[in-house]
file coords.cif (mmCIF, C-alpha atoms)
data_input
#
loop_
_atom_site.label_atom_id
_atom_site.label_comp_id
_atom_site.auth_asym_id
_atom_site.auth_seq_id
_atom_site.Cartn_x
_atom_site.Cartn_y
_atom_site.Cartn_z
CA MET A 13 -3.82 4.81 19.26
CA LYS A 14 -2.49 8.37 19.34
CA LEU A 15 -4.14 10.30 16.50
CA LEU A 16 -3.39 13.75 15.11
CA PHE A 17 -6.27 15.31 13.15
CA VAL A 18 -5.61 18.03 10.56
CA ASN A 19 -7.60 19.34 7.61
CA ASP A 20 -7.87 22.16 5.07
CA ASP A 21 -11.49 23.19 5.79
CA GLY A 22 -10.63 24.77 9.13
CA ILE A 23 -10.76 23.71 12.76
CA ASP A 24 -14.51 24.41 13.04
CA ALA A 25 -15.44 22.33 9.97
CA PRO A 26 -17.98 19.56 10.58
CA GLY A 27 -15.72 16.86 9.13
CA ILE A 28 -12.91 17.22 11.64
CA ARG A 29 -15.40 17.69 14.48
CA ALA A 30 -17.10 14.42 13.49
CA LEU A 31 -13.73 12.63 13.77
CA ILE A 32 -13.02 14.15 17.18
CA ASP A 33 -16.45 13.16 18.50
CA ALA A 34 -16.14 9.61 17.17
CA PHE A 35 -12.57 8.75 18.13
CA SER A 36 -11.84 10.63 21.34
CA GLY A 37 -13.51 7.97 23.48
CA GLU A 38 -11.20 5.16 22.34
CA HIS A 39 -8.04 6.98 21.18
CA THR A 40 -5.80 9.82 22.31
CA VAL A 41 -6.75 12.73 20.05
CA TYR A 42 -4.71 15.80 19.14
CA VAL A 43 -5.97 18.53 16.78
CA VAL A 44 -3.88 21.03 14.83
CA ALA A 45 -5.88 22.62 12.02
CA PRO A 46 -6.09 25.91 10.09
CA ASP A 47 -8.03 28.76 11.65
CA GLY A 48 -10.09 29.07 8.44
CA GLN A 49 -10.67 27.71 4.97
CA ARG A 50 -7.45 26.64 3.18
CA SER A 51 -8.71 24.44 0.34
CA ALA A 52 -6.55 23.99 -2.77
CA VAL A 53 -3.35 25.34 -1.19
CA SER A 54 -1.53 22.07 -1.95
CA LYS A 55 1.83 21.83 -0.12
CA ALA A 56 2.26 25.55 0.50
CA LEU A 57 4.37 26.58 3.50
CA THR A 58 4.28 29.86 5.39
CA LEU A 59 7.81 31.27 5.16
CA TYR A 60 7.64 35.06 5.27
CA THR A 61 5.00 35.82 7.90
CA PRO A 62 4.80 34.53 11.48
CA LEU A 63 2.59 31.57 12.30
CA ARG A 64 0.08 31.85 15.11
CA ALA A 65 -1.17 28.76 16.96
CA VAL A 66 -4.08 29.64 19.23
CA PRO A 67 -5.08 27.00 21.82
CA GLN A 68 -8.68 25.83 21.55
CA THR A 69 -10.89 23.96 23.98
CA ILE A 70 -12.48 21.04 22.15
CA GLU A 71 -14.19 18.31 24.12
CA GLY A 72 -12.39 15.00 23.60
CA ALA A 73 -9.09 16.49 22.40
CA VAL A 74 -6.04 16.34 24.66
CA CYS A 75 -4.92 19.55 22.98
CA ALA A 76 -6.14 21.56 20.01
CA TYR A 77 -4.70 24.53 18.12
CA ALA A 78 -6.04 26.82 15.40
CA VAL A 79 -3.12 27.74 13.15
CA SER A 80 -2.90 30.79 10.90
CA GLY A 81 -1.16 28.83 8.12
CA THR A 82 -1.68 25.93 5.72
CA PRO A 83 -2.33 22.22 6.31
CA VAL A 84 1.39 21.52 5.82
CA ASP A 85 2.18 24.19 8.42
CA CYS A 86 -0.25 22.47 10.78
CA VAL A 87 1.42 19.09 10.38
CA ARG A 88 4.95 20.41 10.76
CA LEU A 89 4.11 22.69 13.67
CA GLY A 90 2.05 19.97 15.31
CA LEU A 91 4.73 17.28 15.09
CA GLY A 92 7.60 19.63 15.82
CA ASN A 93 6.20 21.90 18.51
CA LEU A 94 2.63 21.44 19.67
CA VAL A 95 1.84 17.74 20.13
CA PRO A 96 3.53 16.30 23.24
CA GLU A 97 4.21 12.85 21.74
CA LYS A 98 4.58 11.38 18.28
CA PRO A 99 1.20 10.17 17.00
CA ASP A 100 0.66 6.71 15.58
CA MET A 101 -1.36 8.10 12.67
CA VAL A 102 -2.25 11.45 11.10
CA ILE A 103 -5.73 11.76 9.60
CA SER A 104 -6.38 14.69 7.27
CA GLY A 105 -10.07 15.47 6.84
CA ILE A 106 -12.88 14.60 6.70
CA ASN A 107 -12.96 16.93 3.70
CA ALA A 108 -16.27 18.33 2.43
CA GLY A 109 -15.80 17.53 -1.24
CA PRO A 110 -13.86 14.87 -3.12
CA ASN A 111 -10.12 14.71 -3.64
CA LEU A 112 -10.01 12.58 -6.76
CA GLY A 113 -7.74 12.23 -9.75
CA THR A 114 -5.36 15.03 -10.60
CA ASP A 115 -7.28 17.32 -8.22
CA THR A 116 -5.12 15.69 -5.54
CA LEU A 117 -2.21 17.80 -6.81
CA TYR A 118 -4.00 20.93 -5.53
CA SER A 119 -5.52 19.39 -2.44
CA GLY A 120 -4.65 20.74 1.00
CA THR A 121 -6.21 17.61 2.49
CA CYS A 122 -3.82 15.35 0.59
CA ALA A 123 -0.91 17.69 1.26
CA GLY A 124 -1.41 17.39 5.01
CA ALA A 125 -1.34 13.60 4.82
CA GLN A 126 1.66 13.59 2.49
CA GLU A 127 3.64 15.89 4.77
CA ALA A 128 3.01 13.59 7.71
CA ALA A 129 4.19 10.62 5.64
CA LEU A 130 7.36 12.51 4.69
CA LEU A 131 7.98 13.13 8.38
CA GLY A 132 7.71 9.42 9.09
CA VAL A 133 4.15 9.22 10.44
CA PRO A 134 1.57 6.97 8.71
CA ALA A 135 -1.25 9.06 7.27
CA ILE A 136 -4.68 8.90 5.67
CA ALA A 137 -6.49 11.62 3.70
CA MET A 138 -10.27 11.30 4.06
CA SER A 139 -12.83 13.00 1.80
CA LEU A 140 -16.58 12.84 1.17
CA ASP A 141 -17.81 13.07 -2.42
CA SER A 142 -20.04 16.09 -1.85
CA PHE A 143 -19.44 19.76 -1.13
CA GLN A 144 -22.56 19.76 1.07
CA PRO A 145 -22.32 16.27 2.56
CA ASP A 146 -25.03 14.55 4.57
CA SER A 147 -23.17 11.36 5.51
CA PHE A 148 -20.27 12.23 7.79
CA GLU A 149 -21.21 9.18 9.85
CA THR A 150 -20.43 7.00 6.82
CA ALA A 151 -17.02 8.62 6.41
CA VAL A 152 -16.33 8.21 10.14
CA GLU A 153 -17.00 4.47 9.93
CA VAL A 154 -14.84 4.18 6.80
CA THR A 155 -12.09 6.05 8.68
CA ARG A 156 -12.39 3.54 11.52
CA ARG A 157 -11.93 0.67 9.08
CA MET A 158 -9.07 2.44 7.30
CA LEU A 159 -7.22 2.92 10.58
CA ALA A 160 -7.18 -0.83 11.08
CA TYR A 161 -6.32 -1.45 7.42
CA ALA A 162 -3.46 1.07 7.38
CA LYS A 163 -2.04 -0.43 10.55
CA ALA A 164 -2.16 -3.92 9.03
CA HIS A 165 -0.85 -2.76 5.64
CA PRO A 166 1.72 0.00 6.25
CA LEU A 167 2.93 1.88 3.20
CA PRO A 168 6.56 2.65 2.35
CA PHE A 169 8.11 5.86 3.66
CA GLY A 170 6.54 8.98 2.17
CA MET A 171 3.37 7.24 0.99
CA PHE A 172 -0.16 7.78 2.33
CA TYR A 173 -3.66 6.47 1.68
CA ASN A 174 -6.04 8.82 -0.15
CA VAL A 175 -9.62 7.73 0.56
CA ASN A 176 -12.82 9.05 -1.04
CA VAL A 177 -16.24 8.09 0.29
CA PRO A 178 -19.57 8.38 -1.55
CA ASP A 179 -21.99 10.65 0.29
CA VAL A 180 -24.51 7.90 1.02
CA PRO A 181 -25.64 5.91 4.08
CA LEU A 182 -23.21 3.18 5.12
CA ASP A 183 -25.49 0.35 3.98
CA SER A 184 -25.52 1.88 0.47
CA ILE A 185 -21.74 1.58 0.06
CA LYS A 186 -21.19 -1.08 -2.62
CA GLY A 187 -17.63 -1.94 -1.65
CA TYR A 188 -14.02 -0.78 -1.60
CA ARG A 189 -11.59 -0.46 -4.51
CA GLN A 190 -7.88 0.31 -4.63
CA THR A 191 -7.57 2.51 -7.69
CA GLY A 192 -5.35 4.88 -9.62
CA LEU A 193 -6.05 8.55 -10.29
CA ALA A 194 -8.36 9.93 -12.96
CA LEU A 195 -7.35 12.79 -15.24
CA VAL A 196 -9.44 15.83 -14.30
CA ARG A 197 -9.48 18.93 -16.49
CA TYR A 198 -10.86 22.44 -16.00
CA ARG A 199 -11.29 25.44 -18.26
CA GLU A 200 -8.13 27.53 -18.46
CA VAL A 201 -9.84 30.89 -18.95
CA TYR A 202 -10.62 32.77 -15.74
CA GLU A 203 -13.83 34.79 -15.51
CA ALA A 204 -12.96 38.47 -15.93
CA ARG A 205 -14.96 41.00 -13.92
CA THR A 206 -14.69 44.67 -12.98
CA ASP A 207 -14.95 46.07 -9.47
CA PRO A 208 -17.06 49.16 -8.61
CA ILE A 209 -14.21 51.58 -9.39
CA GLY A 210 -13.34 50.05 -12.73
CA ARG A 211 -10.41 47.78 -11.86
CA PRO A 212 -10.33 44.29 -13.41
CA TYR A 213 -10.26 41.13 -11.32
CA TYR A 214 -10.65 37.42 -12.02
CA TRP A 215 -12.47 34.39 -10.59
CA ALA A 216 -11.06 30.89 -11.03
CA PRO A 217 -13.21 28.79 -13.39
CA ARG A 218 -15.52 26.25 -11.76
CA GLY A 219 -16.76 22.94 -13.09
CA ARG A 220 -14.89 20.19 -14.85
CA LEU A 221 -14.58 19.95 -18.59
CA PRO A 222 -16.72 17.13 -19.99
CA GLY A 223 -14.97 13.83 -20.40
CA GLU A 224 -15.36 10.23 -19.35
CA ALA A 225 -13.09 8.98 -16.58
CA ASP A 226 -11.05 5.84 -17.07
CA ALA A 227 -13.26 2.95 -16.01
CA ASP A 228 -10.76 1.79 -13.39
CA SER A 229 -9.99 5.21 -11.90
CA ASP A 230 -10.95 6.63 -8.51
CA ASP A 231 -13.40 9.04 -10.11
CA ALA A 232 -15.30 6.28 -11.91
CA TRP A 233 -15.52 3.94 -8.91
CA VAL A 234 -16.79 6.65 -6.53
CA LEU A 235 -19.57 7.44 -9.01
CA LYS A 236 -20.55 3.75 -8.87
CA GLY A 237 -20.91 3.92 -5.10
CA TYR A 238 -17.55 2.46 -4.02
CA VAL A 239 -15.06 3.81 -1.50
CA THR A 240 -11.77 4.37 -3.32
CA VAL A 241 -8.40 3.83 -1.69
CA THR A 242 -5.37 5.18 -3.55
CA PRO A 243 -1.81 4.85 -2.20
CA MET A 244 0.02 8.08 -3.05
CA GLY A 245 3.35 9.73 -2.34
CA TYR A 246 6.44 11.52 -3.51
CA ASP A 247 8.07 8.43 -5.06
CA SER A 248 5.04 7.06 -6.90
CA ALA A 249 6.15 8.12 -10.40
CA ARG A 250 9.86 7.32 -10.31
CA GLY A 251 11.03 5.42 -13.39
CA GLU A 252 14.09 3.30 -14.00
CA SER A 253 17.44 5.00 -13.58
CA ALA A 254 19.03 6.04 -16.87
CA ASP A 255 22.40 7.51 -17.82
CA LEU A 256 21.63 10.42 -20.15
CA THR A 257 25.22 11.63 -20.51
CA GLY A 258 25.43 10.43 -24.11
CA GLU A 259 22.45 12.54 -25.22
CA LEU A 260 22.84 15.57 -22.99
CA GLY A 261 26.61 15.75 -22.60
CA GLY A 262 28.69 15.89 -19.47
CA GLU A 263 31.80 17.29 -17.88
CA ARG A 264 35.09 15.53 -18.49
#

call {"tool": "encode", "arguments": {"input": "coords.cif", "output": "structure tokens"}}
result
Amino acid sequence: MKLLFVNDDGIDAPGIRALIDAFSGEHTVYVVAPDGQRSAVSKALTLYTPLRAVPQTIEGAVCAYAVSGTPVDCVRLGLGNLVPEKPDMVISGINAGPNLGTDTLYSGTCAGAQEAALLGVPAIAMSLDSFQPDSFETAVEVTRRMLAYAKAHPLPFGMFYNVNVPDVPLDSIKGYRQTGLALVRYREVYEARTDPIGRPYYWAPRGRLPGEADADSDDAWVLKGYVTVTPMGYDSARGESADLTGELGGER
């Protein structure tokens, strides 16, 4: 298969390098990733400053570029300009840290996969449930299995698979679950500080608010030692069509 690897942790992150090392021997590998950390940028695009794409030499990659923008920039620039042929699959990750529940709305990892899906390329977002993971080899093997699964079970246009892997050895994985998203909440109040010359600044709050996840959510199943697989995409919340003219009025 022809695979395009992107991420939001940066082109030198261990997760994307683990994918390149594992898959370059059996697949055609292209890499287009940010030149540094871009976590939590969601689907941001670079519109008002130029994008730089600096070629990199990475063993196993047909071509590789470090991009000055976001994960979405990487996908669009990769598919539109940098990659010489359309890939069969885009893999975003392996992210150091989970992308579970409503955190996926902020996730650059998920945004990269979603952008690929919106451009007509099947995509998988891969994450490990630890910010200092030890088990990239587990996530690599899960990615290998997900490639085969996604090929056998293609999603509708604009949808992608969001996969979260417990940070444990492969033989400790209890199973796989297709799940929905948990509701994740954080404190709203930023931490106020003062710099050395008296000017105020703020740090985003860290740590989730206490609360028990729905028993059948991605968050709950990962904590039990299961890999979670969640189909996601732009059309996932559309309801039935309704004519609201009677309530809201309309032109005659």

call {"tool": "closest_residue", "arguments": {"input": "coords.cif", "among": "A:Phe17, A:Phe169, A:Tyr77, A:Phe35", "to": "Val152 of chain A", "atoms": "all atoms listed in the file"}}
result
A:Phe35

call {"tool": "residues_around", "arguments": {"input": "coords.cif", "residues": "segment 119-136 of chain A", "least_positions_apart": "5", "cutoff": "10 Å", "atoms": "all atoms listed in the file", "output": "number ranges by chain"}}
result
A: 15-21, 45, 50-56, 82-88, 90-92, 98-107, 110-112, 114, 155, 158-159, 162-163, 166-175, 241-246

call {"tool": "residues_around", "arguments": {"input": "coords.cif", "residues": "Val154 of chain A", "least_positions_apart": "2", "cutoff": "12 Å", "atoms": "all atoms listed in the file", "output": "PyMOL selection string"}}
result
chain A and resi 31+34+106+136-140+147-152+156-162+175-183+185+187-188+238-241

call {"tool": "closest_residue", "arguments": {"input": "coords.cif", "among": "A:Met13, A:Val196, A:Ala164, A:Ala108", "to": "Phe143 of chain A", "atoms": "all atoms listed in the file"}}
result
A:Ala108

call {"tool": "resolve_selection", "arguments": {"input": "coords.cif", "expression": "the PyMOL selection byres ((chain A and resi 228) around 12)", "output": "list of chain:residue names"}}
result
A:Gly113, A:Arg189, A:Gln190, A:Thr191, A:Gly192, A:Leu193, A:Ala194, A:Leu195, A:Glu224, A:Ala225, A:Asp226, A:Ala227, A:Ser229, A:Asp230, A:Asp231, A:Ala232, A:Trp233, A:Val234, A:Leu235, A:Lys236, A:Tyr238, A:Thr240, A:Thr242

call {"tool": "atom_distance", "arguments": {"input": "coords.cif", "atom1": "atom CA of Tyr202 of chain A", "atom2": "atom CA of Gly219 of chain A"}}
result
11.9 Å

call {"tool": "atom_distance", "arguments": {"input": "coords.cif", "atom1": "atom CA of Thr40 of chain A", "atom2": "atom CA of Gly81 of chain A"}}
result
24.2 Å

call {"tool": "atom_distance", "arguments": {"input": "coords.cif", "atom1": "atom CA of Thr116 of chain A", "atom2": "atom CA of Tyr42 of chain A"}}
result
24.7 Å

call {"tool": "closest_residue", "arguments": {"input": "coords.cif", "among": "A:Ala216, A:Ala204, A:Leu260, A:Leu94", "to": "Ala76 of chain A", "atoms": "only C-alpha atoms"}}
result
A:Leu94

call {"tool": "resolve_selection", "arguments": {"input": "coords.cif", "expression": "the PyMOL selection byres ((chain A and resi 201) around 10)", "output": "MDAnalysis selection string"}}
result
chainID A and resid 198:200 202:204 214:217

call {"tool": "closest_residue", "arguments": {"input": "coords.cif", "among": "A:Ala30, A:Arg211, A:Pro222, A:Asn93", "to": "Ile70 of chain A", "atoms": "all atoms listed in the file"}}
result
A:Ala30

call {"tool": "decode", "arguments": {"input": "coords.cif", "residues": "segment 59-85 of chain A", "atoms": "N, CA, C and O atoms", "output": "PDB file, in the first residue's frame"}}
result
ATOM      1  N   LEU A  59      -3.406  30.587   6.840  1.00  0.00           N
ATOM      2  CA  LEU A  59      -3.953  31.383   5.749  1.00  0.00           C
ATOM      3  C   LEU A  59      -3.204  32.689   5.500  1.00  0.00           C
ATOM      4  O   LEU A  59      -3.221  33.204   4.385  1.00  0.00           O
ATOM      5  N   TYR A  60      -2.564  33.247   6.520  1.00  0.00           N
ATOM      6  CA  TYR A  60      -2.030  34.593   6.389  1.00  0.00           C
ATOM      7  C   TYR A  60      -0.514  34.677   6.522  1.00  0.00           C
ATOM      8  O   TYR A  60       0.047  35.775   6.559  1.00  0.00           O
ATOM      9  N   THR A  61       0.153  33.541   6.599  1.00  0.00           N
ATOM     10  CA  THR A  61       1.612  33.500   6.544  1.00  0.00           C
ATOM     11  C   THR A  61       2.010  32.388   5.586  1.00  0.00           C
ATOM     12  O   THR A  61       1.261  31.414   5.401  1.00  0.00           O
ATOM     13  N   PRO A  62       3.164  32.496   4.939  1.00  0.00           N
ATOM     14  CA  PRO A  62       3.570  31.446   3.997  1.00  0.00           C
ATOM     15  C   PRO A  62       3.894  30.145   4.709  1.00  0.00           C
ATOM     16  O   PRO A  62       4.355  30.140   5.855  1.00  0.00           O
ATOM     17  N   LEU A  63       3.637  29.037   4.017  1.00  0.00           N
ATOM     18  CA  LEU A  63       4.012  27.723   4.525  1.00  0.00           C
ATOM     19  C   LEU A  63       5.373  27.332   3.963  1.00  0.00           C
ATOM     20  O   LEU A  63       5.646  27.522   2.777  1.00  0.00           O
ATOM     21  N   ARG A  64       6.196  26.764   4.805  1.00  0.00           N
ATOM     22  CA  ARG A  64       7.482  26.227   4.385  1.00  0.00           C
ATOM     23  C   ARG A  64       7.428  24.706   4.499  1.00  0.00           C
ATOM     24  O   ARG A  64       6.943  24.179   5.497  1.00  0.00           O
ATOM     25  N   ALA A  65       7.914  24.022   3.488  1.00  0.00           N
ATOM     26  CA  ALA A  65       8.015  22.563   3.501  1.00  0.00           C
ATOM     27  C   ALA A  65       9.464  22.199   3.204  1.00  0.00           C
ATOM     28  O   ALA A  65       9.910  22.307   2.059  1.00  0.00           O
ATOM     29  N   VAL A  66      10.181  21.813   4.247  1.00  0.00           N
ATOM     30  CA  VAL A  66      11.621  21.555   4.114  1.00  0.00           C
ATOM     31  C   VAL A  66      11.844  20.057   3.932  1.00  0.00           C
ATOM     32  O   VAL A  66      11.456  19.255   4.787  1.00  0.00           O
ATOM     33  N   PRO A  67      12.467  19.644   2.817  1.00  0.00           N
ATOM     34  CA  PRO A  67      12.728  18.208   2.607  1.00  0.00           C
ATOM     35  C   PRO A  67      13.608  17.632   3.712  1.00  0.00           C
ATOM     36  O   PRO A  67      14.545  18.290   4.193  1.00  0.00           O
ATOM     37  N   GLN A  68      13.289  16.408   4.119  1.00  0.00           N
ATOM     38  CA  GLN A  68      14.050  15.705   5.141  1.00  0.00           C
ATOM     39  C   GLN A  68      14.525  14.363   4.571  1.00  0.00           C
ATOM     40  O   GLN A  68      13.857  13.771   3.716  1.00  0.00           O
ATOM     41  N   THR A  69      15.624  13.894   5.075  1.00  0.00           N
ATOM     42  CA  THR A  69      16.093  12.562   4.724  1.00  0.00           C
ATOM     43  C   THR A  69      15.769  11.616   5.872  1.00  0.00           C
ATOM     44  O   THR A  69      16.355  11.729   6.959  1.00  0.00           O
ATOM     45  N   ILE A  70      14.799  10.731   5.637  1.00  0.00           N
ATOM     46  CA  ILE A  70      14.390   9.760   6.648  1.00  0.00           C
ATOM     47  C   ILE A  70      14.469   8.376   6.021  1.00  0.00           C
ATOM     48  O   ILE A  70      13.817   8.117   5.006  1.00  0.00           O
ATOM     49  N   GLU A  71      15.271   7.523   6.601  1.00  0.00           N
ATOM     50  CA  GLU A  71      15.440   6.180   6.063  1.00  0.00           C
ATOM     51  C   GLU A  71      14.094   5.457   5.990  1.00  0.00           C
ATOM     52  O   GLU A  71      13.341   5.425   6.968  1.00  0.00           O
ATOM     53  N   GLY A  72      13.787   4.924   4.825  1.00  0.00           N
ATOM     54  CA  GLY A  72      12.538   4.189   4.626  1.00  0.00           C
ATOM     55  C   GLY A  72      11.449   4.999   3.968  1.00  0.00           C
ATOM     56  O   GLY A  72      10.498   4.425   3.441  1.00  0.00           O
ATOM     57  N   ALA A  73      11.561   6.334   3.982  1.00  0.00           N
ATOM     58  CA  ALA A  73      10.537   7.183   3.379  1.00  0.00           C
ATOM     59  C   ALA A  73      10.947   7.560   1.957  1.00  0.00           C
ATOM     60  O   ALA A  73      12.084   7.979   1.714  1.00  0.00           O
ATOM     61  N   VAL A  74      10.018   7.414   1.020  1.00  0.00           N
ATOM     62  CA  VAL A  74      10.277   7.828  -0.360  1.00  0.00           C
ATOM     63  C   VAL A  74      10.547   9.323  -0.408  1.00  0.00           C
ATOM     64  O   VAL A  74      11.450   9.796  -1.093  1.00  0.00           O
ATOM     65  N   CYS A  75       9.740  10.073   0.342  1.00  0.00           N
ATOM     66  CA  CYS A  75       9.989  11.498   0.518  1.00  0.00           C
ATOM     67  C   CYS A  75       9.446  11.903   1.871  1.00  0.00           C
ATOM     68  O   CYS A  75       8.527  11.267   2.410  1.00  0.00           O
ATOM     69  N   ALA A  76      10.018  12.949   2.442  1.00  0.00           N
ATOM     70  CA  ALA A  76       9.581  13.433   3.753  1.00  0.00           C
ATOM     71  C   ALA A  76       9.769  14.942   3.796  1.00  0.00           C
ATOM     72  O   ALA A  76      10.756  15.474   3.281  1.00  0.00           O
ATOM     73  N   TYR A  77       8.811  15.629   4.406  1.00  0.00           N
ATOM     74  CA  TYR A  77       8.849  17.086   4.512  1.00  0.00           C
ATOM     75  C   TYR A  77       8.445  17.520   5.917  1.00  0.00           C
ATOM     76  O   TYR A  77       7.465  16.996   6.484  1.00  0.00           O
ATOM     77  N   ALA A  78       9.179  18.493   6.453  1.00  0.00           N
ATOM     78  CA  ALA A  78       8.820  19.152   7.698  1.00  0.00           C
ATOM     79  C   ALA A  78       8.140  20.472   7.340  1.00  0.00           C
ATOM     80  O   ALA A  78       8.732  21.327   6.670  1.00  0.00           O
ATOM     81  N   VAL A  79       6.892  20.616   7.767  1.00  0.00           N
ATOM     82  CA  VAL A  79       6.054  21.743   7.353  1.00  0.00           C
ATOM     83  C   VAL A  79       5.875  22.716   8.518  1.00  0.00           C
ATOM     84  O   VAL A  79       5.688  22.310   9.667  1.00  0.00           O
ATOM     85  N   SER A  80       5.898  23.998   8.204  1.00  0.00           N
ATOM     86  CA  SER A  80       5.806  25.022   9.240  1.00  0.00           C
ATOM     87  C   SER A  80       4.391  25.220   9.770  1.00  0.00           C
ATOM     88  O   SER A  80       4.195  26.024  10.681  1.00  0.00           O
ATOM     89  N   GLY A  81       3.408  24.507   9.239  1.00  0.00           N
ATOM     90  CA  GLY A  81       2.018  24.716   9.631  1.00  0.00           C
ATOM     91  C   GLY A  81       1.443  23.627  10.514  1.00  0.00           C
ATOM     92  O   GLY A  81       2.137  22.975  11.295  1.00  0.00           O
ATOM     93  N   THR A  82       0.140  23.425  10.358  1.00  0.00           N
ATOM     94  CA  THR A  82      -0.664  22.540  11.198  1.00  0.00           C
ATOM     95  C   THR A  82      -0.792  21.152  10.555  1.00  0.00           C
ATOM     96  O   THR A  82      -0.424  20.962   9.388  1.00  0.00           O
ATOM     97  N   PRO A  83      -1.358  20.182  11.285  1.00  0.00           N
ATOM     98  CA  PRO A  83      -1.611  18.878  10.668  1.00  0.00           C
ATOM     99  C   PRO A  83      -2.504  18.963   9.423  1.00  0.00           C
ATOM    100  O   PRO A  83      -2.270  18.251   8.441  1.00  0.00           O
ATOM    101  N   VAL A  84      -3.518  19.817   9.448  1.00  0.00           N
ATOM    102  CA  VAL A  84      -4.377  19.982   8.272  1.00  0.00           C
ATOM    103  C   VAL A  84      -3.576  20.551   7.106  1.00  0.00           C
ATOM    104  O   VAL A  84      -3.720  20.115   5.954  1.00  0.00           O
ATOM    105  N   ASP A  85      -2.710  21.527   7.379  1.00  0.00           N
ATOM    106  CA  ASP A  85      -1.818  22.031   6.334  1.00  0.00           C
ATOM    107  C   ASP A  85      -0.987  20.897   5.743  1.00  0.00           C
ATOM    108  O   ASP A  85      -0.798  20.821   4.516  1.00  0.00           O
TER     109      ASP A  85
END
